[in-house]
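Q: This is target-v7.txt (compact mmCIF, C-alpha atoms).
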```
# COMPACT_ATOMS: atom_id res chain seq x y z
CA MET A 1 159.22 -50.27 65.37
CA GLY A 2 161.30 -52.35 67.75
CA LEU A 3 164.95 -51.60 68.31
CA LEU A 4 166.82 -54.60 69.69
CA GLY A 5 170.39 -55.51 70.45
CA LYS A 6 172.88 -56.49 73.13
CA ASN A 7 173.59 -54.13 76.02
CA GLY A 8 175.94 -51.34 74.97
CA THR A 9 175.23 -51.53 71.25
CA GLY A 10 173.90 -47.96 71.11
CA LYS A 11 170.12 -48.42 71.15
CA SER A 12 169.53 -45.68 73.73
CA THR A 13 172.13 -43.47 72.06
CA LEU A 14 170.34 -43.87 68.73
CA LEU A 15 167.08 -42.88 70.42
CA ARG A 16 168.76 -39.77 71.86
CA VAL A 17 170.14 -38.88 68.44
CA VAL A 18 166.68 -39.23 66.90
CA ALA A 19 165.25 -37.06 69.70
CA GLY A 20 167.86 -34.38 68.99
CA LEU A 21 169.62 -34.71 72.33
CA SER A 22 172.88 -36.06 70.94
CA SER A 23 174.59 -35.17 67.73
CA ALA A 24 175.37 -37.87 65.20
CA ASP A 25 178.87 -38.39 63.78
CA GLY A 26 177.40 -37.78 60.36
CA GLY A 27 174.14 -37.19 58.58
CA GLU A 28 171.04 -35.51 59.80
CA ILE A 29 167.79 -36.67 61.40
CA LEU A 30 164.74 -35.18 59.72
CA PHE A 31 161.29 -35.25 61.26
CA LYS A 32 158.50 -33.75 59.17
CA ASP A 33 161.17 -32.45 56.78
CA ILE A 34 162.84 -30.38 59.50
CA ALA A 35 166.07 -31.39 61.23
CA VAL A 36 165.39 -32.37 64.86
CA ARG A 37 168.53 -30.43 65.82
CA SER A 38 167.12 -27.32 64.18
CA THR A 39 166.34 -24.23 66.24
CA GLN A 40 162.83 -24.46 64.79
CA THR A 41 160.77 -26.20 67.43
CA GLY A 42 157.58 -26.67 65.39
CA ASN A 43 158.24 -30.30 64.48
CA ARG A 44 159.25 -31.27 68.02
CA LYS A 45 155.72 -30.73 69.32
CA ASP A 46 154.75 -33.96 67.56
CA LEU A 47 157.74 -35.87 68.91
CA LEU A 48 157.91 -37.28 72.42
CA TYR A 49 161.08 -38.73 73.89
CA LEU A 50 160.85 -40.89 77.01
CA GLY A 51 164.33 -42.02 77.86
CA HIS A 52 165.68 -44.63 80.22
CA ALA A 53 165.74 -42.13 83.10
CA PRO A 54 162.43 -40.66 84.33
CA GLY A 55 163.14 -37.30 82.65
CA MET A 56 161.44 -35.39 85.45
CA TYR A 57 162.22 -33.45 88.60
CA PRO A 58 162.66 -35.68 91.67
CA GLY A 59 161.51 -33.01 94.14
CA LEU A 60 158.21 -32.38 92.36
CA SER A 61 155.12 -34.55 92.64
CA ALA A 62 153.72 -36.69 89.83
CA ARG A 63 150.95 -34.12 89.32
CA GLU A 64 153.43 -31.22 89.08
CA ASN A 65 155.77 -33.09 86.78
CA LEU A 66 152.92 -34.17 84.51
CA GLU A 67 151.51 -30.64 84.46
CA PHE A 68 154.91 -29.19 83.57
CA ALA A 69 155.43 -31.76 80.80
CA VAL A 70 152.06 -30.93 79.31
CA ARG A 71 152.51 -27.16 79.70
CA ILE A 72 155.78 -27.11 77.77
CA TYR A 73 154.10 -28.93 74.89
CA TYR A 74 150.93 -26.83 74.97
CA PRO A 75 151.72 -23.47 76.65
CA GLU A 76 148.42 -21.89 75.61
CA LYS A 77 146.01 -24.71 76.37
CA THR A 78 144.26 -25.18 79.71
CA GLY A 79 142.00 -27.77 81.29
CA PHE A 80 144.03 -30.91 80.74
CA PRO A 81 142.44 -34.07 82.19
CA LEU A 82 145.48 -34.74 84.37
CA GLU A 83 143.43 -36.34 87.16
CA SER A 84 141.88 -38.93 84.91
CA ILE A 85 145.23 -39.73 83.28
CA LEU A 86 146.84 -40.20 86.69
CA GLU A 87 143.94 -42.44 87.66
CA GLU A 88 144.28 -44.47 84.45
CA VAL A 89 147.93 -45.21 85.20
CA GLY A 90 147.17 -45.97 88.86
CA LEU A 91 149.04 -43.05 90.41
CA LEU A 92 146.19 -40.81 91.58
CA SER A 93 146.45 -41.81 95.25
CA GLN A 94 150.17 -40.90 95.30
CA ALA A 95 149.97 -38.03 92.82
CA ASP A 96 151.10 -35.46 95.39
CA ASP A 97 154.14 -37.38 96.65
CA PRO A 98 157.53 -36.26 95.36
CA ILE A 99 158.60 -38.70 92.67
CA LYS A 100 161.98 -39.26 94.35
CA VAL A 101 160.16 -41.74 96.61
CA TYR A 102 158.62 -43.58 93.64
CA SER A 103 159.66 -47.09 92.68
CA GLN A 104 160.98 -47.85 89.19
CA GLY A 105 157.57 -49.20 88.18
CA MET A 106 155.77 -46.08 89.38
CA LEU A 107 158.17 -43.87 87.43
CA GLN A 108 157.44 -45.97 84.34
CA ARG A 109 153.72 -45.44 84.92
CA LEU A 110 154.32 -41.70 85.17
CA LYS A 111 156.15 -41.79 81.83
CA LEU A 112 153.14 -43.63 80.44
CA ALA A 113 150.95 -40.80 81.80
CA VAL A 114 153.07 -38.28 79.88
CA ALA A 115 152.71 -40.36 76.71
CA LYS A 116 148.93 -40.40 77.22
CA ALA A 117 148.71 -36.66 77.90
CA ILE A 118 150.65 -35.52 74.84
CA ASP A 119 149.30 -35.86 71.32
CA TRP A 120 152.53 -37.11 69.73
CA GLU A 121 153.01 -38.50 66.26
CA LEU A 122 156.37 -40.12 66.97
CA LEU A 123 157.03 -41.67 70.36
CA LEU A 124 160.58 -42.64 71.28
CA PHE A 125 160.38 -44.87 74.34
CA ASP A 126 163.41 -46.52 75.90
CA GLU A 127 162.55 -49.83 77.57
CA PRO A 128 158.86 -49.13 78.23
CA PHE A 129 158.33 -52.33 80.23
CA SER A 130 161.35 -51.99 82.51
CA GLY A 131 160.47 -52.37 86.20
CA LEU A 132 156.74 -52.74 85.62
CA ASP A 133 154.54 -55.27 87.44
CA ILE A 134 151.98 -57.38 85.56
CA GLN A 135 149.28 -54.71 85.83
CA GLY A 136 151.71 -52.03 84.65
CA ARG A 137 152.71 -54.16 81.67
CA LYS A 138 149.06 -54.65 80.76
CA LEU A 139 148.44 -50.89 80.99
CA THR A 140 151.41 -50.15 78.76
CA GLN A 141 150.47 -52.87 76.29
CA SER A 142 146.90 -51.62 76.14
CA PHE A 143 148.14 -48.08 75.50
CA PHE A 144 150.40 -49.26 72.68
CA ASP A 145 147.47 -51.18 71.17
CA GLN A 146 145.38 -47.97 71.23
CA CYS A 147 148.20 -46.13 69.45
CA MET A 148 148.12 -48.48 66.47
CA ASN A 149 146.95 -46.02 63.85
CA PRO A 150 148.55 -44.61 60.69
CA ARG A 151 149.07 -41.15 62.25
CA ARG A 152 151.26 -42.45 65.04
CA SER A 153 154.62 -44.21 65.04
CA LEU A 154 156.52 -45.73 67.92
CA LEU A 155 160.23 -46.41 68.10
CA LEU A 156 160.76 -48.64 71.11
CA VAL A 157 163.95 -49.99 72.63
CA VAL A 158 162.97 -53.46 73.84
CA HIS A 159 164.78 -56.55 75.06
CA GLU A 160 161.97 -59.09 74.69
CA ILE A 161 162.38 -60.64 71.22
CA ASP A 162 159.05 -62.48 71.46
CA TRP A 163 157.20 -59.28 72.31
CA ALA A 164 158.83 -57.45 69.41
CA LEU A 165 157.95 -60.27 67.00
CA GLU A 166 154.37 -60.24 68.22
CA HIS A 167 153.73 -56.48 68.22
CA CYS A 168 156.21 -54.56 66.08
CA THR A 169 155.71 -54.00 62.36
CA ARG A 170 159.41 -53.46 61.79
CA ILE A 171 162.38 -54.85 63.68
CA ILE A 172 165.88 -53.40 63.79
CA ILE A 173 168.79 -55.15 65.46
CA LEU A 174 171.97 -53.27 66.29
CA GLY A 175 175.29 -54.94 66.98
CA ARG A 176 179.02 -54.37 66.55
CA GLY A 177 178.24 -50.73 65.69
CA LEU A 178 176.14 -51.75 62.69
CA VAL A 179 172.53 -52.29 61.75
CA LEU A 180 172.57 -56.10 61.56
CA TYR A 181 168.92 -56.55 60.74
CA ASP A 182 166.25 -54.16 59.50
CA HIS A 183 163.14 -55.74 58.06
CA GLN A 184 159.37 -55.59 58.21
CA ASN A 185 157.95 -58.16 60.59
CA GLY A 186 156.27 -61.07 58.86
CA PRO A 187 156.65 -64.71 57.89
CA GLY A 188 160.15 -65.97 58.49
CA ALA A 189 161.06 -63.03 60.73
CA ARG A 190 161.29 -65.21 63.85
CA GLU A 191 163.92 -67.47 62.30
CA ASN A 192 165.96 -64.56 60.94
CA VAL A 193 165.81 -62.54 64.17
CA SER A 194 166.75 -65.63 66.22
CA ARG A 195 169.67 -66.35 63.90
CA VAL A 196 171.01 -62.77 64.10
CA PHE A 197 170.63 -62.80 67.85
CA SER A 198 172.42 -66.11 68.30
CA GLU A 199 175.26 -64.71 66.15
CA ILE A 200 175.69 -61.53 68.21
CA MET A 201 175.40 -63.38 71.50
CA SER A 202 178.03 -65.94 70.61
CA MET B 203 157.02 -20.35 77.56
CA PHE B 204 159.58 -18.31 79.50
CA ARG B 205 157.05 -17.87 82.32
CA ILE B 206 156.42 -21.63 82.46
CA LEU B 207 160.15 -22.36 82.66
CA LEU B 208 160.71 -19.69 85.30
CA LYS B 209 157.77 -20.95 87.34
CA LYS B 210 159.27 -24.46 87.21
CA GLU B 211 162.62 -23.15 88.49
CA PHE B 212 160.92 -21.47 91.45
CA LEU B 213 158.65 -24.45 92.13
CA VAL B 214 161.59 -26.87 92.25
CA GLU B 215 163.45 -24.55 94.62
CA LEU B 216 160.37 -23.89 96.74
CA LYS B 217 159.98 -27.65 97.25
CA SER B 218 163.62 -28.51 97.92
CA LYS B 219 165.06 -25.22 99.24
CA GLU B 220 168.44 -26.76 98.39
CA ILE B 221 169.81 -23.77 96.49
CA SER B 222 168.84 -21.03 98.95
CA ALA B 223 169.82 -23.09 102.01
CA SER B 224 173.23 -24.03 100.63
CA MET B 225 173.98 -20.50 99.36
CA LEU B 226 172.97 -18.87 102.64
CA THR B 227 174.82 -21.32 104.89
CA PHE B 228 177.94 -21.10 102.76
CA GLY B 229 177.80 -17.29 102.73
CA ILE B 230 177.60 -17.11 106.55
CA ALA B 231 180.48 -19.60 106.87
CA VAL B 232 182.67 -17.51 104.54
CA ILE B 233 181.88 -14.32 106.48
CA LEU B 234 182.93 -16.01 109.72
CA ILE B 235 186.18 -17.17 108.14
CA PHE B 236 186.85 -13.65 106.85
CA ALA B 237 186.09 -12.18 110.26
CA PHE B 238 188.46 -14.58 112.05
CA SER B 239 191.21 -14.36 109.41
CA PHE B 240 191.56 -10.58 109.05
CA ASN B 241 192.66 -8.93 112.24
CA VAL B 242 192.92 -5.38 110.86
CA PRO B 243 191.41 -2.01 111.87
CA PRO B 244 187.99 -1.19 110.33
CA ASP B 245 189.39 1.57 108.08
CA ILE B 246 191.81 -0.87 106.42
CA MET B 247 189.09 -3.51 106.28
CA SER B 248 186.81 -1.09 104.40
CA THR B 249 189.35 -0.97 101.55
CA PHE B 250 189.27 -4.80 101.31
CA ALA B 251 185.51 -5.10 101.83
CA PRO B 252 184.30 -4.64 98.21
CA GLY B 253 186.70 -7.30 96.92
CA LEU B 254 185.89 -9.69 99.76
CA PHE B 255 182.17 -9.25 99.18
CA TRP B 256 182.40 -10.06 95.48
CA VAL B 257 184.77 -13.02 96.06
CA MET B 258 182.21 -14.37 98.53
CA THR B 259 179.39 -13.76 96.03
CA LEU B 260 181.34 -15.56 93.29
CA PHE B 261 181.82 -18.60 95.57
CA ILE B 262 178.15 -18.56 96.54
CA SER B 263 177.05 -18.29 92.91
CA THR B 264 179.16 -21.35 92.02
CA LEU B 265 177.43 -23.36 94.71
CA GLY B 266 173.98 -22.23 93.60
CA LEU B 267 174.70 -22.85 89.93
CA HIS B 268 175.91 -26.35 90.67
CA ARG B 269 172.65 -27.21 92.47
CA MET B 270 170.53 -25.54 89.75
CA TYR B 271 171.99 -27.79 87.10
CA ALA B 272 172.42 -30.87 89.31
CA TYR B 273 168.66 -31.31 89.71
CA GLU B 274 168.29 -31.17 85.94
CA LYS B 275 170.73 -34.07 85.66
CA GLU B 276 169.48 -36.18 88.56
CA PHE B 277 166.53 -37.82 86.72
CA ASP B 278 167.60 -36.50 83.28
CA ALA B 279 164.84 -33.89 83.34
CA PHE B 280 167.07 -31.82 81.08
CA GLY B 281 166.92 -34.54 78.41
CA PHE B 282 163.14 -34.39 78.36
CA LEU B 283 163.19 -30.58 78.41
CA ILE B 284 165.49 -30.14 75.43
CA SER B 285 163.72 -32.79 73.38
CA ALA B 286 160.44 -30.90 73.91
CA PRO B 287 159.34 -28.02 71.63
CA VAL B 288 161.10 -25.45 73.80
CA ASP B 289 163.44 -22.77 72.53
CA ARG B 290 166.64 -23.67 74.37
CA GLY B 291 167.59 -20.00 74.62
CA LEU B 292 164.60 -19.57 76.92
CA ILE B 293 165.90 -22.35 79.17
CA PHE B 294 169.09 -20.31 79.52
CA LEU B 295 167.13 -17.11 80.25
CA ALA B 296 165.03 -18.85 82.93
CA LYS B 297 168.17 -20.22 84.60
CA TRP B 298 169.87 -16.82 84.44
CA VAL B 299 166.94 -14.85 85.84
CA SER B 300 166.11 -17.34 88.61
CA GLY B 301 169.80 -17.71 89.53
CA THR B 302 170.23 -13.93 89.75
CA LEU B 303 167.16 -13.67 91.97
CA TYR B 304 168.49 -16.36 94.35
CA LEU B 305 171.85 -14.60 94.45
CA VAL B 306 170.39 -11.14 95.12
CA ILE B 307 168.20 -12.51 97.92
CA THR B 308 171.15 -14.38 99.44
CA ASP B 309 173.29 -11.22 99.24
CA LEU B 310 170.57 -9.20 100.98
CA PHE B 311 170.47 -11.75 103.80
CA ILE B 312 174.22 -11.97 104.26
CA LEU B 313 175.00 -8.28 103.84
CA PRO B 314 174.07 -7.34 107.47
CA PRO B 315 176.30 -10.07 109.03
CA PHE B 316 179.04 -9.16 106.52
CA LEU B 317 179.01 -5.52 107.70
CA LEU B 318 178.66 -6.54 111.34
CA PHE B 319 181.41 -9.15 111.52
CA LEU B 320 183.87 -7.09 109.49
CA GLN B 321 183.02 -4.03 111.60
CA LEU B 322 182.20 -1.86 108.60
CA GLN B 323 180.36 1.42 108.87
CA VAL B 324 178.63 2.31 105.62
CA SER B 325 176.38 5.11 104.55
CA VAL B 326 175.47 4.75 100.88
CA SER B 327 172.59 5.50 98.54
CA ILE B 328 170.24 2.50 98.59
CA GLY B 329 169.39 3.01 94.91
CA LEU B 330 173.03 2.97 93.78
CA ALA B 331 173.85 0.05 96.07
CA ALA B 332 170.94 -1.91 94.56
CA LEU B 333 172.14 -1.02 91.05
CA VAL B 334 175.67 -2.31 91.72
CA LEU B 335 174.37 -5.42 93.49
CA ILE B 336 171.91 -6.32 90.71
CA PHE B 337 174.36 -5.60 87.88
CA GLY B 338 177.16 -7.55 89.58
CA ASN B 339 174.91 -10.52 90.22
CA LEU B 340 173.45 -10.43 86.71
CA GLY B 341 177.01 -10.42 85.35
CA LEU B 342 178.13 -13.38 87.46
CA MET B 343 174.98 -15.39 86.73
CA VAL B 344 174.96 -14.76 82.98
CA LEU B 345 178.42 -16.28 82.75
CA GLY B 346 177.64 -18.94 85.32
CA SER B 347 174.49 -20.11 83.52
CA LEU B 348 176.40 -20.31 80.26
CA VAL B 349 179.38 -22.18 81.71
CA SER B 350 177.13 -24.50 83.73
CA GLY B 351 175.26 -25.45 80.56
CA LEU B 352 178.61 -26.27 79.00
CA ALA B 353 179.93 -28.19 82.01
CA MET B 354 176.79 -30.07 83.01
CA ARG B 355 177.26 -32.88 80.48
CA ALA B 356 180.89 -33.40 81.51
CA LYS B 357 182.11 -35.76 84.17
CA MET B 358 183.33 -33.86 87.24
CA SER B 359 181.16 -30.89 86.27
CA GLU B 360 181.43 -29.61 89.86
CA VAL B 361 185.19 -29.13 89.27
CA LEU B 362 184.87 -27.90 85.71
CA LEU B 363 182.41 -25.15 86.65
CA PRO B 364 184.73 -23.08 88.91
CA VAL B 365 187.78 -23.84 86.75
CA LEU B 366 186.04 -22.32 83.73
CA LEU B 367 183.97 -19.70 85.50
CA PHE B 368 186.55 -18.00 87.74
CA PRO B 369 188.92 -16.77 84.99
CA LEU B 370 186.00 -15.76 82.75
CA ALA B 371 184.36 -13.86 85.59
CA SER B 372 187.42 -11.60 86.07
CA PRO B 373 185.94 -8.62 84.16
CA VAL B 374 182.73 -8.81 86.24
CA MET B 375 184.72 -9.13 89.47
CA ILE B 376 186.94 -6.14 88.62
CA ALA B 377 184.03 -3.92 87.50
CA ALA B 378 181.78 -4.87 90.43
CA THR B 379 184.60 -4.38 92.95
CA LYS B 380 185.61 -0.98 91.52
CA ALA B 381 181.99 0.20 91.44
CA SER B 382 181.40 -1.01 95.02
CA ALA B 383 184.63 0.68 96.19
CA GLY B 384 183.54 3.99 94.64
CA LEU B 385 180.15 3.61 96.28
CA LEU B 386 181.61 2.81 99.72
CA LYS B 387 184.05 5.74 99.58
CA GLY B 388 181.11 8.03 98.88
CA GLU B 389 182.54 9.18 95.55
CA PRO B 390 180.08 10.76 93.09
CA PHE B 391 178.44 8.32 90.66
CA GLN B 392 180.10 10.05 87.67
CA SER B 393 183.55 9.00 88.91
CA TRP B 394 182.76 5.27 88.91
CA GLN B 395 179.86 5.02 86.46
CA VAL B 396 182.23 3.61 83.83
CA TRP B 397 182.38 0.35 85.82
CA VAL B 398 178.59 0.12 85.83
CA PHE B 399 178.56 0.66 82.06
CA ILE B 400 181.19 -2.06 81.66
CA LEU B 401 178.99 -4.39 83.70
CA GLY B 402 175.96 -3.42 81.60
CA THR B 403 177.82 -4.10 78.35
CA PHE B 404 179.04 -7.43 79.69
CA ILE B 405 175.54 -8.47 80.76
CA ILE B 406 173.96 -7.57 77.41
CA SER B 407 176.76 -9.20 75.36
CA PHE B 408 176.87 -12.46 77.28
CA GLY B 409 173.08 -12.51 77.66
CA LEU B 410 172.77 -12.46 73.86
CA VAL B 411 175.59 -14.98 73.40
CA GLY B 412 174.00 -17.31 75.95
CA PHE B 413 170.56 -17.03 74.38
CA LEU B 414 171.93 -17.81 70.93
CA VAL B 415 174.47 -20.54 71.70
CA PHE B 416 172.81 -22.41 74.58
CA ASP B 417 171.22 -24.70 72.00
CA HIS B 418 174.65 -25.83 70.81
CA ILE B 419 176.48 -26.04 74.12
CA THR B 420 173.87 -28.35 75.66
CA GLU B 421 174.30 -30.84 72.82
CA GLU B 422 175.87 -34.16 73.79
```
Mind turning the file's structure into structure tokens?
A:
Amino acid sequence: MGLLGKNGTGKSTLLRVVAGLSSADGGEILFKDIAVRSTQTGNRKDLLYLGHAPGMYPGLSARENLEFAVRIYYPEKTGFPLESILEEVGLLSQADDPIKVYSQGMLQRLKLAVAKAIDWELLLFDEPFSGLDIQGRKLTQSFFDQCMNPRRSLLLVVHEIDWALEHCTRIIILGRGLVLYDHQNGPGARENVSRVFSEIMS
Amino acid sequence: MFRILLKKEFLVELKSKEISASMLTFGIAVILIFAFSFNVPPDIMSTFAPGLFWVMTLFISTLGLHRMYAYEKEFDAFGFLISAPVDRGLIFLAKWVSGTLYLVITDLFILPPFLLFLQLQVSVSIGLAALVLIFGNLGLMVLGSLVSGLAMRAKMSEVLLPVLLFPLASPVMIAATKASAGLLKGEPFQSWQVWVFILGTFIISFGLVGFLVFDHITEE
């Protein structure tokens, strides 16, 4: 699911509300029939929020941050293939450096590593391609392609309309504090999305 | 889960040493200021000493608390943490316990220069001194962790933290100062134990409140 809209229209805020970080003015977000704001944490183990910021500790290394992220999702499990995940995202050689020295692209790759390490059912990812080089984009794209299965859903904040039209099954456009467009992707979607976008940009 | 969160707190501090370094440096600086500002005989100073010690500890705790929550905000690690399947009450407990430990260690390091520079001669029971120190620090940190959680989402949280914490910490400051004064004067424990019980009640009450409401106060 692609969430599009002009800057400042509340895409990231909506993602934070869905993740249970911010409270909504009204209504309730349910995930697996349990409110995400509930003190019950059972449903949140299948939900992964990767916000605009890295969401990690700048003084810790990529390995330590990834290990901590995995440990809080699976406190009892051991033997996670962290090395191979770090290698897959191209961070193994710098895995022991504190992430405060990482570039934006490297931090995005680390977020991708977290998404690979956790067995989520709903992934909320804010601007997954931001700051990535061509190789990083390919890695992310390939990961999203692997995630295309009925058990998993992705809610992505994206700015590239063409990418959303090519890969998302549903497109939502926010603007002027409203949902301006919310339809399944398909024939005629390009024209409608372009029209809504030209309206909100004018 | 609590162990994982606590381990993370210690790991972050072990790597950066920001909290311990800032608390220790600030504590020494305050002692020097006290030593230069109060030109009074040691017997008069000993009546001020308990209050001065706890005022200094309150200032140090504010500094430490600010750093403890600032690194959560820096890369929005807190956002990831509270969206994860973690009981938010445990986040509060981990902050409280780790913060108290940093504060106790800092106090142990700055206590000798405090006694030396203020020319204080003390002869107290180590066990009772440890009891007062740990209870006082637990009391300050339980409130501090709660208020920091409340203030961390606000702009100017570094200003909001002392503005909210100092008035709320009055009962802890009074009880800890009275208990320390009784201890320093060499009075029997029975004559000042009420202050320790007050501290104990405060710690348990606010510990429970913090554990239960931390979920709501960290909400945006």
Q: May I ask which of the residues B:Leu295, B:Ala331, B:Asp417, B:Val411 is the closest one to chain A, counting only C-alpha atoms?
A: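 Checking each candidate against chain A, we get B:Asp417 as the closest.
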Q: Which one of A:Gly2, A:Pro150, A:Pro54, A:Gly105 sits closest to Gln135 in chain A if you count only C-alpha atoms?
A: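 Selected residue with least distance to Gln135 in chain A: A:Gly105.
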Q: Mind listing as a ChimeraX atom specification which residues of chain A are within 10 Å of chain B, counting all atoms listed in the file?
A: /A:16-24,36-61,64-65,68-76,98-100
Q: Create the file for the chosen residues now, containing C-alpha atoms and written as a PDB file, keeping the file's coordinate frame.
A:
```
ATOM      1  CA  ARG A  16     168.760 -39.770  71.860  1.00  0.00           C
ATOM      2  CA  VAL A  17     170.140 -38.880  68.440  1.00  0.00           C
ATOM      3  CA  VAL A  18     166.680 -39.230  66.900  1.00  0.00           C
ATOM      4  CA  ALA A  19     165.250 -37.060  69.700  1.00  0.00           C
ATOM      5  CA  GLY A  20     167.860 -34.380  68.990  1.00  0.00           C
ATOM      6  CA  LEU A  21     169.620 -34.710  72.330  1.00  0.00           C
ATOM      7  CA  SER A  22     172.880 -36.060  70.940  1.00  0.00           C
ATOM      8  CA  SER A  23     174.590 -35.170  67.730  1.00  0.00           C
ATOM      9  CA  ALA A  24     175.370 -37.870  65.200  1.00  0.00           C
ATOM     10  CA  VAL A  36     165.390 -32.370  64.860  1.00  0.00           C
ATOM     11  CA  ARG A  37     168.530 -30.430  65.820  1.00  0.00           C
ATOM     12  CA  SER A  38     167.120 -27.320  64.180  1.00  0.00           C
ATOM     13  CA  THR A  39     166.340 -24.230  66.240  1.00  0.00           C
ATOM     14  CA  GLN A  40     162.830 -24.460  64.790  1.00  0.00           C
ATOM     15  CA  THR A  41     160.770 -26.200  67.430  1.00  0.00           C
ATOM     16  CA  GLY A  42     157.580 -26.670  65.390  1.00  0.00           C
ATOM     17  CA  ASN A  43     158.240 -30.300  64.480  1.00  0.00           C
ATOM     18  CA  ARG A  44     159.250 -31.270  68.020  1.00  0.00           C
ATOM     19  CA  LYS A  45     155.720 -30.730  69.320  1.00  0.00           C
ATOM     20  CA  ASP A  46     154.750 -33.960  67.560  1.00  0.00           C
ATOM     21  CA  LEU A  47     157.740 -35.870  68.910  1.00  0.00           C
ATOM     22  CA  LEU A  48     157.910 -37.280  72.420  1.00  0.00           C
ATOM     23  CA  TYR A  49     161.080 -38.730  73.890  1.00  0.00           C
ATOM     24  CA  LEU A  50     160.850 -40.890  77.010  1.00  0.00           C
ATOM     25  CA  GLY A  51     164.330 -42.020  77.860  1.00  0.00           C
ATOM     26  CA  HIS A  52     165.680 -44.630  80.220  1.00  0.00           C
ATOM     27  CA  ALA A  53     165.740 -42.130  83.100  1.00  0.00           C
ATOM     28  CA  PRO A  54     162.430 -40.660  84.330  1.00  0.00           C
ATOM     29  CA  GLY A  55     163.140 -37.300  82.650  1.00  0.00           C
ATOM     30  CA  MET A  56     161.440 -35.390  85.450  1.00  0.00           C
ATOM     31  CA  TYR A  57     162.220 -33.450  88.600  1.00  0.00           C
ATOM     32  CA  PRO A  58     162.660 -35.680  91.670  1.00  0.00           C
ATOM     33  CA  GLY A  59     161.510 -33.010  94.140  1.00  0.00           C
ATOM     34  CA  LEU A  60     158.210 -32.380  92.360  1.00  0.00           C
ATOM     35  CA  SER A  61     155.120 -34.550  92.640  1.00  0.00           C
ATOM     36  CA  GLU A  64     153.430 -31.220  89.080  1.00  0.00           C
ATOM     37  CA  ASN A  65     155.770 -33.090  86.780  1.00  0.00           C
ATOM     38  CA  PHE A  68     154.910 -29.190  83.570  1.00  0.00           C
ATOM     39  CA  ALA A  69     155.430 -31.760  80.800  1.00  0.00           C
ATOM     40  CA  VAL A  70     152.060 -30.930  79.310  1.00  0.00           C
ATOM     41  CA  ARG A  71     152.510 -27.160  79.700  1.00  0.00           C
ATOM     42  CA  ILE A  72     155.780 -27.110  77.770  1.00  0.00           C
ATOM     43  CA  TYR A  73     154.100 -28.930  74.890  1.00  0.00           C
ATOM     44  CA  TYR A  74     150.930 -26.830  74.970  1.00  0.00           C
ATOM     45  CA  PRO A  75     151.720 -23.470  76.650  1.00  0.00           C
ATOM     46  CA  GLU A  76     148.420 -21.890  75.610  1.00  0.00           C
ATOM     47  CA  PRO A  98     157.530 -36.260  95.360  1.00  0.00           C
ATOM     48  CA  ILE A  99     158.600 -38.700  92.670  1.00  0.00           C
ATOM     49  CA  LYS A 100     161.980 -39.260  94.350  1.00  0.00           C
TER      50      LYS A 100
END
```
Q: Hey, can you check how far CA of Val324 in chain B sits from CA of Leu386 in chain B?
A: 6.6 Å
Q: For the atom pair CA of Phe250 in chain B and CA of Val299 in chain B, what is the interatomic distance in Å to one decimal place?
A: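 CA of Val299 in chain B lies at a distance of 29.0 Å from CA of Phe250 in chain B.
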Q: Measure the distance from CA of Met148 in chain A to CA of Arg170 in chain A in Å and round it to one decimal.
A: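 CA of Arg170 in chain A lies 13.2 Å from CA of Met148 in chain A.
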Q: For Leu66 in chain A, find every residue with an atom within 8 Å (counting only C-alpha atoms), except residues of its own chain fewer than 4 positions away, and show them as a PDB file with C-alpha atoms, keeping the file's coordinate frame.
A:
```pdb
ATOM      1  CA  ALA A  62     153.720 -36.690  89.830  1.00  0.00           C
ATOM      2  CA  VAL A  70     152.060 -30.930  79.310  1.00  0.00           C
ATOM      3  CA  LEU A  82     145.480 -34.740  84.370  1.00  0.00           C
ATOM      4  CA  LEU A 110     154.320 -41.700  85.170  1.00  0.00           C
ATOM      5  CA  ALA A 113     150.950 -40.800  81.800  1.00  0.00           C
ATOM      6  CA  VAL A 114     153.070 -38.280  79.880  1.00  0.00           C
TER       7      VAL A 114
END
```
Q: Just checking: using only C-alpha atoms, which residue out of B:Leu208, B:Ile221, B:Leu317, B:Ala377 ends up closest to Ala237 in chain B?
A: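 Closest candidate: B:Leu317.
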Q: Please put the answer as AutoDock Vina command-line options: centre and edge lengths, in Å with one decimal, of a box along x, y and z that encloses all listed atoms of range 373-382 of chain B plus 8 Å on each side.
A:
```
--center_x 184.2 --center_y -4.5 --center_z 89.6 --size_x 21.5 --size_y 25.3 --size_z 26.9
```
Q: Which residue out of A:Leu124, A:Leu132, A:Leu92, A:Leu3 has the minimum interatomic distance to Gln108 in chain A when all atoms listed in the file are used?
A: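 Of all the options, A:Leu132 lies closest to Gln108 in chain A.
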Q: Excluding Leu330 in chain B and any residue of its chain fewer than 4 positions from it, enumerate the residues within 12 Å of it, using all atoms listed in the file, and give them as a CSV table (one decimal) with C-alpha atoms, in the frame of the given file.
A:
```csv
chain,number,residue,atom,x,y,z
B,325,SER,CA,176.4,5.1,104.6
B,326,VAL,CA,175.5,4.8,100.9
B,334,VAL,CA,175.7,-2.3,91.7
B,335,LEU,CA,174.4,-5.4,93.5
B,336,ILE,CA,171.9,-6.3,90.7
B,337,PHE,CA,174.4,-5.6,87.9
B,381,ALA,CA,182.0,0.2,91.4
B,382,SER,CA,181.4,-1.0,95.0
B,384,GLY,CA,183.5,4.0,94.6
B,385,LEU,CA,180.2,3.6,96.3
B,386,LEU,CA,181.6,2.8,99.7
B,388,GLY,CA,181.1,8.0,98.9
B,389,GLU,CA,182.5,9.2,95.6
B,390,PRO,CA,180.1,10.8,93.1
B,391,PHE,CA,178.4,8.3,90.7
B,392,GLN,CA,180.1,10.0,87.7
B,394,TRP,CA,182.8,5.3,88.9
B,395,GLN,CA,179.9,5.0,86.5
B,398,VAL,CA,178.6,0.1,85.8
```
